[in-house]
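data-v2.cif follows (mmCIF, C-alpha atoms):
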```
data_work
loop_
_atom_site.group_PDB
_atom_site.id
_atom_site.type_symbol
_atom_site.label_atom_id
_atom_site.label_comp_id
_atom_site.auth_asym_id
_atom_site.auth_seq_id
_atom_site.Cartn_x
_atom_site.Cartn_y
_atom_site.Cartn_z
ATOM 1 C CA MET A 760 0.000 0.000 0.000
ATOM 2 C CA ILE A 761 0.886 3.662 -0.252
ATOM 3 C CA LEU A 762 0.780 5.429 3.118
ATOM 4 C CA SER A 763 -0.439 9.040 3.142
ATOM 5 C CA VAL A 764 1.057 11.047 6.042
ATOM 6 C CA SER A 765 -1.100 13.160 5.807
ATOM 7 C CA ARG A 766 -3.650 15.117 3.806
ATOM 8 C CA ARG A 767 -5.582 15.827 7.014
ATOM 9 C CA THR A 768 -2.869 17.332 9.219
ATOM 10 C CA ASP A 769 0.854 18.157 9.342
ATOM 11 C CA ILE A 770 2.283 15.024 10.964
ATOM 12 C CA PRO A 771 5.963 15.760 10.138
ATOM 13 C CA ASN A 772 5.718 19.178 11.780
ATOM 14 C CA TYR A 773 3.707 18.392 14.918
ATOM 15 C CA TYR A 774 3.444 14.644 15.406
ATOM 16 C CA SER A 775 6.696 13.129 14.198
ATOM 17 C CA GLN A 776 7.407 11.493 17.578
ATOM 18 C CA TRP A 777 4.011 9.770 17.398
ATOM 19 C CA PHE A 778 4.702 8.664 13.831
ATOM 20 C CA TYR A 779 8.121 7.209 14.642
ATOM 21 C CA ASN A 780 6.557 5.312 17.547
ATOM 22 C CA ARG A 781 3.972 3.891 15.144
ATOM 23 C CA ILE A 782 6.737 2.824 12.747
ATOM 24 C CA LYS A 783 8.570 1.158 15.628
ATOM 25 C CA GLU A 784 5.463 -0.749 16.757
ATOM 26 C CA GLY A 785 4.378 -1.566 13.211
ATOM 27 C CA PHE A 786 0.722 -0.551 13.336
ATOM 28 C CA VAL A 787 -1.584 2.430 13.716
ATOM 29 C CA TYR A 788 -5.215 3.058 14.648
ATOM 30 C CA VAL A 789 -7.180 5.435 12.409
ATOM 31 C CA ARG A 790 -10.605 6.773 13.289
ATOM 32 C CA ASN A 791 -13.168 6.987 10.481
ATOM 33 C CA PRO A 792 -13.971 10.723 10.115
ATOM 34 C CA MET A 793 -17.518 9.902 9.013
ATOM 35 C CA ASN A 794 -18.155 7.431 11.855
ATOM 36 C CA THR A 795 -16.039 8.342 14.858
ATOM 37 C CA HIS A 796 -16.598 5.075 16.730
ATOM 38 C CA GLN A 797 -15.326 3.028 13.802
ATOM 39 C CA VAL A 798 -11.560 2.512 14.110
ATOM 40 C CA SER A 799 -9.240 0.671 11.733
ATOM 41 C CA ARG A 800 -6.125 -1.130 12.871
ATOM 42 C CA ILE A 801 -3.608 -0.864 10.042
ATOM 43 C CA GLU A 802 -0.318 -2.708 9.733
ATOM 44 C CA ILE A 803 2.451 -0.349 8.531
ATOM 45 C CA THR A 804 5.436 -2.696 8.383
ATOM 46 C CA PRO A 805 7.895 -2.507 5.455
ATOM 47 C CA ASP A 806 6.538 -5.688 3.842
ATOM 48 C CA VAL A 807 3.145 -4.040 3.169
ATOM 49 C CA VAL A 808 4.104 -0.362 2.790
ATOM 50 C CA ASP A 809 5.446 0.240 -0.708
ATOM 51 C CA CYS A 810 5.980 3.982 -0.237
ATOM 52 C CA ILE A 811 5.178 6.751 2.241
ATOM 53 C CA VAL A 812 4.015 10.159 0.981
ATOM 54 C CA PHE A 813 4.587 12.932 3.518
ATOM 55 C CA TRP A 814 2.624 16.197 3.270
ATOM 56 C CA THR A 815 4.039 19.101 5.260
ATOM 57 C CA LYS A 816 4.842 22.770 5.544
ATOM 58 C CA ASN A 817 7.785 22.069 7.848
ATOM 59 C CA PRO A 818 9.513 18.667 8.010
ATOM 60 C CA GLU A 819 12.365 19.855 10.222
ATOM 61 C CA PRO A 820 11.103 18.175 13.438
ATOM 62 C CA MET A 821 11.398 14.723 11.872
ATOM 63 C CA MET A 822 14.606 15.172 9.876
ATOM 64 C CA GLU A 823 17.061 14.111 12.597
ATOM 65 C CA ARG A 824 15.440 10.653 12.766
ATOM 66 C CA LEU A 825 15.054 9.861 9.068
ATOM 67 C CA GLU A 826 17.430 6.916 9.469
ATOM 68 C CA GLU A 827 14.590 5.161 11.305
ATOM 69 C CA LEU A 828 12.824 5.004 7.935
ATOM 70 C CA SER A 829 15.699 3.201 6.224
ATOM 71 C CA ALA A 830 13.514 0.147 5.534
ATOM 72 C CA TYR A 831 10.912 2.286 3.724
ATOM 73 C CA HIS A 832 10.664 4.215 0.472
ATOM 74 C CA TYR A 833 9.240 7.724 0.769
ATOM 75 C CA TYR A 834 9.040 11.230 -0.615
ATOM 76 C CA PHE A 835 7.808 14.630 0.574
ATOM 77 C CA GLN A 836 5.152 17.035 -0.667
ATOM 78 C CA PHE A 837 6.600 20.254 0.790
ATOM 79 C CA THR A 838 4.342 23.326 0.684
ATOM 80 C CA LEU A 839 6.257 26.597 0.454
ATOM 81 C CA THR A 840 4.336 29.736 -0.509
ATOM 82 C CA GLY A 841 4.787 33.482 -0.502
ATOM 83 C CA TYR A 842 2.129 34.156 2.124
ATOM 84 C CA GLY A 843 2.845 36.014 5.328
ATOM 85 C CA ARG A 844 1.754 35.343 8.897
ATOM 86 C CA ASP A 845 -1.651 36.863 8.140
ATOM 87 C CA MET A 846 -2.369 33.797 6.004
ATOM 88 C CA GLU A 847 -0.086 31.134 7.495
ATOM 89 C CA PRO A 848 0.422 32.143 11.154
ATOM 90 C CA GLY A 849 2.097 28.914 12.248
ATOM 91 C CA ILE A 850 4.821 28.793 9.595
ATOM 92 C CA PRO A 851 8.333 30.157 10.317
ATOM 93 C CA HIS A 852 9.869 32.829 8.099
ATOM 94 C CA LYS A 853 10.131 31.464 4.564
ATOM 95 C CA ARG A 854 13.407 32.990 3.425
ATOM 96 C CA GLU A 855 15.240 32.725 6.760
ATOM 97 C CA LYS A 856 13.948 29.312 7.843
ATOM 98 C CA MET A 857 11.847 27.276 5.440
ATOM 99 C CA ILE A 858 13.895 27.602 2.259
ATOM 100 C CA PRO A 859 17.046 26.376 4.097
ATOM 101 C CA VAL A 860 15.008 23.463 5.526
ATOM 102 C CA PHE A 861 13.842 22.560 2.021
ATOM 103 C CA GLN A 862 17.406 22.694 0.730
ATOM 104 C CA ALA A 863 18.701 20.572 3.618
ATOM 105 C CA LEU A 864 16.010 17.925 3.103
ATOM 106 C CA SER A 865 16.780 17.782 -0.615
ATOM 107 C CA ASP A 866 20.501 17.354 0.080
ATOM 108 C CA ARG A 867 19.658 14.581 2.532
ATOM 109 C CA ILE A 868 17.244 12.445 0.488
ATOM 110 C CA GLY A 869 17.599 13.641 -3.123
ATOM 111 C CA LYS A 870 15.866 16.372 -5.115
ATOM 112 C CA GLU A 871 13.544 13.928 -6.883
ATOM 113 C CA LYS A 872 12.006 13.049 -3.497
ATOM 114 C CA VAL A 873 11.090 16.602 -2.488
ATOM 115 C CA ILE A 874 8.170 18.068 -4.437
ATOM 116 C CA TRP A 875 7.623 21.800 -4.075
ATOM 117 C CA ARG A 876 3.983 22.805 -3.633
ATOM 118 C CA TYR A 877 3.066 26.443 -4.223
ATOM 119 C CA ASP A 878 -0.550 26.047 -3.289
ATOM 120 C CA PRO A 879 -3.213 27.066 -2.914
ATOM 121 C CA ILE A 880 -2.941 30.261 -4.942
ATOM 122 C CA ILE A 881 -5.351 32.833 -3.526
ATOM 123 C CA PHE A 882 -5.912 36.217 -5.136
ATOM 124 C CA SER A 883 -6.801 39.166 -2.924
ATOM 125 C CA GLN A 884 -6.071 42.867 -2.603
ATOM 126 C CA ARG A 885 -2.742 42.025 -0.963
ATOM 127 C CA TYR A 886 -1.934 38.795 -2.782
ATOM 128 C CA THR A 887 -2.353 40.000 -6.336
ATOM 129 C CA PRO A 888 -1.240 38.098 -9.463
ATOM 130 C CA ALA A 889 1.865 40.310 -9.586
ATOM 131 C CA TYR A 890 2.643 39.500 -5.939
ATOM 132 C CA HIS A 891 2.384 35.758 -6.590
ATOM 133 C CA LEU A 892 4.594 35.903 -9.673
ATOM 134 C CA LYS A 893 7.284 37.809 -7.764
ATOM 135 C CA ALA A 894 7.119 35.481 -4.742
ATOM 136 C CA PHE A 895 7.049 32.376 -6.929
ATOM 137 C CA GLU A 896 10.131 33.500 -8.840
ATOM 138 C CA GLN A 897 12.080 34.304 -5.670
ATOM 139 C CA ILE A 898 11.335 30.884 -4.182
ATOM 140 C CA ALA A 899 11.953 29.070 -7.483
ATOM 141 C CA MET A 900 15.382 30.682 -7.797
ATOM 142 C CA ALA A 901 16.239 29.644 -4.234
ATOM 143 C CA LEU A 902 15.107 26.053 -4.895
ATOM 144 C CA LYS A 903 16.884 25.683 -8.230
ATOM 145 C CA GLY A 904 18.758 22.392 -8.127
ATOM 146 C CA PHE A 905 16.884 21.241 -5.023
ATOM 147 C CA THR A 906 13.709 19.922 -6.669
ATOM 148 C CA GLU A 907 12.555 18.728 -10.060
ATOM 149 C CA LYS A 908 8.874 19.521 -9.786
ATOM 150 C CA CYS A 909 6.491 22.221 -8.624
ATOM 151 C CA VAL A 910 2.782 21.687 -8.012
ATOM 152 C CA ILE A 911 0.267 24.531 -8.041
ATOM 153 C CA SER A 912 -3.448 24.797 -7.354
ATOM 154 C CA PHE A 913 -6.005 27.542 -7.051
ATOM 155 C CA VAL A 914 -7.957 27.730 -3.823
ATOM 156 C CA ASP A 915 -11.209 25.788 -3.598
ATOM 157 C CA GLU A 916 -13.986 27.121 -1.439
ATOM 158 C CA TYR A 917 -15.558 24.746 1.054
ATOM 159 C CA ALA A 918 -18.114 25.299 3.782
ATOM 160 C CA LYS A 919 -15.296 25.093 6.344
ATOM 161 C CA ASN A 920 -13.194 27.870 4.796
ATOM 162 C CA ARG A 921 -15.856 30.034 3.121
ATOM 163 C CA LYS A 922 -16.039 32.560 5.963
ATOM 164 C CA ASN A 923 -12.267 32.972 6.041
ATOM 165 C CA MET A 924 -12.155 33.415 2.253
ATOM 166 C CA GLU A 925 -14.698 36.227 2.571
ATOM 167 C CA LEU A 926 -12.721 37.866 5.390
ATOM 168 C CA LEU A 927 -9.566 37.705 3.280
ATOM 169 C CA GLY A 928 -11.320 39.329 0.340
ATOM 170 C CA ALA A 929 -10.378 36.427 -1.903
ATOM 171 C CA TYR A 930 -11.555 36.508 -5.503
ATOM 172 C CA GLU A 931 -11.350 34.224 -8.532
ATOM 173 C CA MET A 932 -9.300 35.266 -11.521
ATOM 174 C CA ASP A 933 -11.177 35.488 -14.799
ATOM 175 C CA ARG A 934 -10.882 32.172 -16.687
ATOM 176 C CA TYR A 935 -9.605 34.075 -19.712
ATOM 177 C CA GLN A 936 -6.821 35.701 -17.688
ATOM 178 C CA LEU A 937 -5.871 32.556 -15.764
ATOM 179 C CA PRO A 938 -4.016 30.837 -18.651
ATOM 180 C CA GLU A 939 -1.710 33.823 -19.086
ATOM 181 C CA PHE A 940 -0.894 33.790 -15.364
ATOM 182 C CA ALA A 941 -0.304 30.017 -15.520
ATOM 183 C CA LYS A 942 2.029 30.413 -18.504
ATOM 184 C CA LYS A 943 4.175 32.851 -16.539
ATOM 185 C CA ILE A 944 4.330 30.437 -13.593
ATOM 186 C CA SER A 945 5.352 27.585 -15.895
ATOM 187 C CA ARG A 946 8.067 29.655 -17.588
ATOM 188 C CA ILE A 947 9.568 30.718 -14.258
ATOM 189 C CA ALA A 948 9.644 27.094 -13.089
ATOM 190 C CA LYS A 949 11.208 25.909 -16.340
ATOM 191 C CA ARG A 950 13.957 28.540 -16.111
ATOM 192 C CA ASN A 951 14.803 27.087 -12.720
ATOM 193 C CA GLY A 952 14.880 23.452 -13.844
ATOM 194 C CA MET A 953 11.397 22.403 -12.708
ATOM 195 C CA ASP A 954 8.371 20.875 -14.366
ATOM 196 C CA THR A 955 4.992 22.210 -13.234
ATOM 197 C CA GLY A 956 1.840 20.262 -12.468
ATOM 198 C CA SER A 957 -1.609 21.236 -11.241
ATOM 199 C CA CYS A 958 -3.390 19.651 -8.287
ATOM 200 C CA ALA A 959 -7.045 18.610 -8.715
ATOM 201 C CA GLU A 960 -7.842 21.416 -11.170
ATOM 202 C CA SER A 961 -10.789 21.113 -13.546
ATOM 203 C CA ILE A 962 -9.283 23.644 -15.942
ATOM 204 C CA ASP A 963 -6.870 22.252 -18.551
ATOM 205 C CA LEU A 964 -3.573 24.148 -18.354
ATOM 206 C CA SER A 965 -1.585 21.838 -20.623
ATOM 207 C CA GLU A 966 -1.197 24.551 -23.282
ATOM 208 C CA CYS A 967 0.420 26.665 -20.551
ATOM 209 C CA GLY A 968 3.057 23.990 -19.929
ATOM 210 C CA ILE A 969 1.297 22.674 -16.816
ATOM 211 C CA LYS A 970 0.158 19.064 -16.701
ATOM 212 C CA HIS A 971 -2.601 17.524 -14.599
ATOM 213 C CA ASN A 972 -0.614 16.206 -11.668
ATOM 214 C CA CYS A 973 -0.849 13.140 -9.457
ATOM 215 C CA CYS A 974 0.415 14.028 -5.985
ATOM 216 C CA ILE A 975 0.448 10.361 -5.043
ATOM 217 C CA ASP A 976 2.197 9.612 -8.262
ATOM 218 C CA LYS A 977 2.436 6.081 -9.639
ATOM 219 C CA GLU A 978 5.233 6.983 -12.040
ATOM 220 C CA LEU A 979 7.338 8.666 -9.336
ATOM 221 C CA ILE A 980 6.734 5.860 -6.845
ATOM 222 C CA GLU A 981 7.797 3.241 -9.381
ATOM 223 C CA LYS A 982 10.963 5.252 -10.022
ATOM 224 C CA ILE A 983 11.717 5.512 -6.306
ATOM 225 C CA ILE A 984 11.090 1.837 -5.486
ATOM 226 C CA GLY A 985 12.606 0.489 -8.693
ATOM 227 C CA GLY A 986 9.597 -1.705 -9.518
ATOM 228 C CA ARG A 987 6.066 -1.771 -10.846
ATOM 229 C CA ILE A 988 2.980 -0.889 -8.812
ATOM 230 C CA LYS A 989 -0.478 -2.266 -9.501
ATOM 231 C CA ALA A 990 -3.023 0.238 -8.186
ATOM 232 C CA GLY A 991 -6.021 2.230 -9.349
ATOM 233 C CA LYS A 992 -7.240 5.797 -8.904
ATOM 234 C CA ASP A 993 -8.147 6.867 -5.390
ATOM 235 C CA ARG A 994 -11.951 6.820 -5.391
ATOM 236 C CA ASN A 995 -12.089 8.730 -2.094
ATOM 237 C CA GLN A 996 -10.737 11.899 -3.700
ATOM 238 C CA ARG A 997 -12.380 14.452 -5.987
ATOM 239 C CA ALA A 998 -13.013 13.555 -9.626
ATOM 240 C CA GLU A 999 -10.293 16.006 -10.725
ATOM 241 C CA CYS A 1000 -7.703 14.320 -8.497
ATOM 242 C CA GLY A 1001 -5.360 11.954 -10.329
ATOM 243 C CA CYS A 1002 -3.801 10.354 -7.249
ATOM 244 C CA MET A 1003 -3.491 6.600 -6.971
ATOM 245 C CA GLU A 1004 -5.131 4.824 -4.047
ATOM 246 C CA SER A 1005 -3.516 5.237 -0.647
ATOM 247 C CA VAL A 1006 -4.151 4.676 3.059
ATOM 248 C CA GLU A 1007 -4.548 7.857 5.097
ATOM 249 C CA ILE A 1008 -3.453 7.825 8.756
ATOM 250 C CA GLY A 1009 -4.034 11.439 9.809
ATOM 251 C CA ALA A 1010 -6.909 13.085 11.681
ATOM 252 C CA TYR A 1011 -8.880 16.185 10.816
ATOM 253 C CA HIS A 1012 -8.982 19.205 13.160
ATOM 254 C CA THR A 1013 -5.480 18.573 14.542
ATOM 255 C CA CYS A 1014 -3.222 20.836 12.437
ATOM 256 C CA LYS A 1015 -1.652 23.726 14.358
ATOM 257 C CA ASN A 1016 -0.354 25.595 11.294
ATOM 258 C CA GLY A 1017 -3.500 27.732 11.436
ATOM 259 C CA CYS A 1018 -3.640 28.496 7.705
ATOM 260 C CA LYS A 1019 -6.626 30.723 6.920
ATOM 261 C CA TYR A 1020 -7.540 28.805 3.773
ATOM 262 C CA CYS A 1021 -7.526 25.383 5.436
ATOM 263 C CA TYR A 1022 -10.444 23.000 4.873
ATOM 264 C CA ALA A 1023 -9.162 20.323 7.298
ATOM 265 C CA ASN A 1024 -9.828 22.323 10.481
ATOM 266 C CA SER A 1025 -13.312 23.383 11.557
ATOM 267 C CA SER A 1026 -12.200 25.924 14.191
ATOM 268 C CA ALA A 1027 -9.234 26.941 16.320
ATOM 269 C CA GLU A 1028 -11.136 25.822 19.417
ATOM 270 C CA ASN A 1029 -11.709 22.367 17.983
ATOM 271 C CA VAL A 1030 -8.030 22.059 17.056
ATOM 272 C CA ALA A 1031 -6.935 23.115 20.564
ATOM 273 C CA ARG A 1032 -9.295 20.608 22.152
ATOM 274 C CA ASN A 1033 -8.059 17.751 19.975
ATOM 275 C CA CYS A 1034 -4.393 18.676 20.332
ATOM 276 C CA SER A 1035 -4.753 18.619 24.120
ATOM 277 C CA LYS A 1036 -5.368 14.874 23.769
ATOM 278 C CA TYR A 1037 -2.081 14.258 21.976
ATOM 279 C CA ASP A 1038 -0.081 11.382 23.396
ATOM 280 C CA PRO A 1039 2.948 10.279 21.350
ATOM 281 C CA THR A 1040 2.647 6.758 22.802
ATOM 282 C CA SER A 1041 -1.004 6.326 21.796
ATOM 283 C CA PRO A 1042 -1.734 4.118 18.769
ATOM 284 C CA ILE A 1043 -4.224 6.740 17.533
ATOM 285 C CA LEU A 1044 -3.469 10.366 16.747
ATOM 286 C CA CYS A 1045 -4.740 12.965 19.247
ATOM 287 C CA GLY A 1046 -7.010 10.648 21.138
ATOM 288 C CA ALA A 1047 -7.533 7.328 22.861
ATOM 289 C CA ILE A 1048 -9.637 4.270 22.252
ATOM 290 C CA ALA A 1049 -12.981 4.382 24.095
ATOM 291 C CA GLU A 1050 -15.119 1.494 25.307
ATOM 292 C CA ASN A 1051 -17.729 2.043 22.609
ATOM 293 C CA ASP A 1052 -15.197 2.151 19.754
ATOM 294 C CA ARG A 1053 -15.307 -0.745 17.323
ATOM 295 C CA ILE A 1054 -11.838 -1.763 16.106
ATOM 296 C CA THR A 1055 -11.501 -3.739 12.893
ATOM 297 C CA GLN A 1056 -8.384 -4.995 11.190
ATOM 298 C CA ARG A 1057 -7.979 -3.376 7.788
ATOM 299 C CA ARG A 1058 -6.663 -5.728 5.141
ATOM 300 C CA VAL A 1059 -3.565 -4.258 3.540
ATOM 301 C CA ARG A 1060 -0.952 -5.648 1.193
ATOM 302 C CA SER A 1061 1.956 -4.617 -0.962
ATOM 303 C CA LEU A 1062 0.944 -3.341 -4.404
ATOM 304 C CA THR A 1063 4.308 -4.177 -5.944
ATOM 305 C CA GLU A 1064 4.096 -6.489 -8.944
ATOM 306 C CA GLU A 1065 6.312 -9.539 -8.819
#
```
Translate this structure into structure tokens?
Amino acid sequence: MILSVSRRTDIPNYYSQWFYNRIKEGFVYVRNPMNTHQVSRIEITPDVVDCIVFWTKNPEPMMERLEELSAYHYYFQFTLTGYGRDMEPGIPHKREKMIPVFQALSDRIGKEKVIWRYDPIIFSQRYTPAYHLKAFEQIAMALKGFTEKCVISFVDEYAKNRKNMELLGAYEMDRYQLPEFAKKISRIAKRNGMDTGSCAESIDLSECGIKHNCCIDKELIEKIIGGRIKAGKDRNQRAECGCMESVEIGAYHTCKNGCKYCYANSSAENVARNCSKYDPTSPILCGAIAENDRITQRRVRSLTEE
């Protein structure tokens, strides 16, 4: 299986100790977000995990212990944007802190295993198209030689982030202007040795030099593991998403990054309440098993073709 760590929260940044404990013990409990008393017990030993995909805005807390993952294949989706603390209050200074962390991770594990995400792109009075192009170019120049791929997306509005989008004064770019903006992004990336892909976008940007991207990427995983993978599209994701099937081990409403555009947190109060339950020795993230929880063993297997 492919292990997703995690679309729902920033495990590398805030819960790396918990994750390493789960790796050591070889299993994890995951609560069903649609049925909170339904819990899956999932084996995560090297014989069934073909690759781990990490999603993070700051992997530094887990970098000193990467040798503990020597039996696993993995790569990172590393989000690095031009937003300030007004948009991403929990993220350290990009130029002083996060770009050096990105560079260090790339040097450690290889540039093909660190994907740069500049997403989501939000347009507002402060974060204009010109602002994004300038910020994107500055970051791209700093990451030249440290990654091979950049992924972009334009913000999607959900019920959970609609109020914040209104408070930020976010607006959608005209669909006739968007391709020209996308072309400029693609050209900047290409000048700095990167291909560009889009994440779960309905609009076709291929003429702009931007391909529909698969964040959990079969082709990349096969390159990393040196073998073939037999897996289908992830049916749990949006129709526009091209990711292959994976097993998610994170929990919603537990990310302390505090990003204003986030759809994975319902409220700061809910996040604080859940985070107060964090125990790095627990088999389940930010919680404990209750008497009325029903635990079932999830059947998992390697997807590698013999």
Review point. For the atom pair CA of Met822 in chain A and CA of Lys783 in chain A, what is the interatomic distance in Å to one decimal place?
Key: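 Going from CA of Met822 in chain A over to CA of Lys783 in chain A, I get 16.3 Å.
Selection result for the displayed file, with the PyMOL selection byres ((chain A and resi 974) around 9) as criterion, is Val812, Gln836, Ile874, Val910, Cys958, Asn972, Cys973, Ile975, Asp976, Lys977, Cys1000, Gly1001, Cys1002 and Met1003 of chain A.
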Exercise for review: On this file, the PyMOL selection byres ((chain A and resi 855-871) around 7) gives some set of residues; write that set as JSON, numbers by chain.
Suggested key: {"A": [819, 851, 852, 853, 854, 872, 873, 902, 905, 906, 907]}
Review point. Please, what distance in Å, to one decimal, runs between CA of Gly904 in chain A and CA of Thr955 in chain A?
Key: 14.7 Å
**Study point:** Atom pair CA of Cys967 in chain A / CA of Glu1004 in chain A: separation (Å)
**Key:**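 Calculated distance between CA of Cys967 in chain A and CA of Glu1004 in chain A is 27.9 Å.
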Exercise for review: Within 12 Å of Ala1049 in chain A, counting only C-alpha atoms, which residues show up once you throw out same-chain ones fewer than 4 positions away? Write them as JSON, numbers by chain, please.
Suggested key: {"A": [790, 795, 796, 797, 798, 1043, 1053, 1054]}
**Study point:** Explicit residues for the PyMOL selection byres ((chain A and resi 928) around 12) (as a ChimeraX atom specification)
**Key:** /A:846,881-887,921-927,929-931,1019-1020
With C-alpha atoms kept, could you save the residues just selected as a PDB file, keeping the file's coordinate frame?
```pdb
ATOM      1  CA  MET A 846      -2.369  33.797   6.004  1.00  0.00           C
ATOM      2  CA  ILE A 881      -5.351  32.833  -3.526  1.00  0.00           C
ATOM      3  CA  PHE A 882      -5.912  36.217  -5.136  1.00  0.00           C
ATOM      4  CA  SER A 883      -6.801  39.166  -2.924  1.00  0.00           C
ATOM      5  CA  GLN A 884      -6.071  42.867  -2.603  1.00  0.00           C
ATOM      6  CA  ARG A 885      -2.742  42.025  -0.963  1.00  0.00           C
ATOM      7  CA  TYR A 886      -1.934  38.795  -2.782  1.00  0.00           C
ATOM      8  CA  THR A 887      -2.353  40.000  -6.336  1.00  0.00           C
ATOM      9  CA  ARG A 921     -15.856  30.034   3.121  1.00  0.00           C
ATOM     10  CA  LYS A 922     -16.039  32.560   5.963  1.00  0.00           C
ATOM     11  CA  ASN A 923     -12.267  32.972   6.041  1.00  0.00           C
ATOM     12  CA  MET A 924     -12.155  33.415   2.253  1.00  0.00           C
ATOM     13  CA  GLU A 925     -14.698  36.227   2.571  1.00  0.00           C
ATOM     14  CA  LEU A 926     -12.721  37.866   5.390  1.00  0.00           C
ATOM     15  CA  LEU A 927      -9.566  37.705   3.280  1.00  0.00           C
ATOM     16  CA  ALA A 929     -10.378  36.427  -1.903  1.00  0.00           C
ATOM     17  CA  TYR A 930     -11.555  36.508  -5.503  1.00  0.00           C
ATOM     18  CA  GLU A 931     -11.350  34.224  -8.532  1.00  0.00           C
ATOM     19  CA  LYS A1019      -6.626  30.723   6.920  1.00  0.00           C
ATOM     20  CA  TYR A1020      -7.540  28.805   3.773  1.00  0.00           C
TER      21      TYR A1020
END
```
Quick one: range 801-806 of chain A with all heavy atoms, as a CSV table (one decimal), in the coordinates of the input?
```csv
chain,number,residue,atom,x,y,z
A,801,ILE,N,-4.3,-0.7,11.3
A,801,ILE,CA,-3.6,-0.9,10.0
A,801,ILE,C,-2.1,-1.2,10.3
A,801,ILE,O,-1.4,-0.5,11.0
A,801,ILE,CB,-3.7,0.5,9.3
A,801,ILE,CG1,-5.2,0.9,9.1
A,801,ILE,CG2,-3.0,0.3,7.9
A,801,ILE,CD1,-5.3,2.3,8.5
A,802,GLU,N,-1.7,-2.3,9.7
A,802,GLU,CA,-0.3,-2.7,9.7
A,802,GLU,C,0.5,-1.8,8.8
A,802,GLU,O,0.1,-1.5,7.7
A,802,GLU,CB,-0.1,-4.1,9.3
A,802,GLU,CG,-0.9,-5.2,10.1
A,802,GLU,CD,-0.4,-5.3,11.5
A,802,GLU,OE1,0.8,-5.2,11.7
A,802,GLU,OE2,-1.3,-5.5,12.4
A,803,ILE,N,1.6,-1.3,9.3
A,803,ILE,CA,2.5,-0.3,8.5
A,803,ILE,C,3.9,-0.8,8.5
A,803,ILE,O,4.8,0.0,8.5
A,803,ILE,CB,2.3,1.1,9.0
A,803,ILE,CG1,2.7,1.2,10.5
A,803,ILE,CG2,0.9,1.6,8.8
A,803,ILE,CD1,2.8,2.6,11.0
A,804,THR,N,4.1,-2.1,8.4
A,804,THR,CA,5.4,-2.7,8.4
A,804,THR,C,6.0,-2.6,7.0
A,804,THR,O,5.2,-2.5,6.0
A,804,THR,CB,5.4,-4.2,8.8
A,804,THR,OG1,4.3,-4.8,8.1
A,804,THR,CG2,5.1,-4.2,10.3
A,805,PRO,N,7.3,-2.7,6.8
A,805,PRO,CA,7.9,-2.5,5.5
A,805,PRO,C,7.4,-3.5,4.4
A,805,PRO,O,7.5,-3.2,3.2
A,805,PRO,CB,9.4,-2.7,5.7
A,805,PRO,CG,9.6,-2.3,7.1
A,805,PRO,CD,8.3,-2.8,7.8
A,806,ASP,N,7.0,-4.7,4.8
A,806,ASP,CA,6.5,-5.7,3.8
A,806,ASP,C,5.2,-5.3,3.2
A,806,ASP,O,4.9,-5.9,2.1
A,806,ASP,CB,6.4,-7.1,4.5
A,806,ASP,CG,5.5,-7.1,5.7
A,806,ASP,OD1,5.5,-6.2,6.5
A,806,ASP,OD2,4.7,-8.0,5.8
```
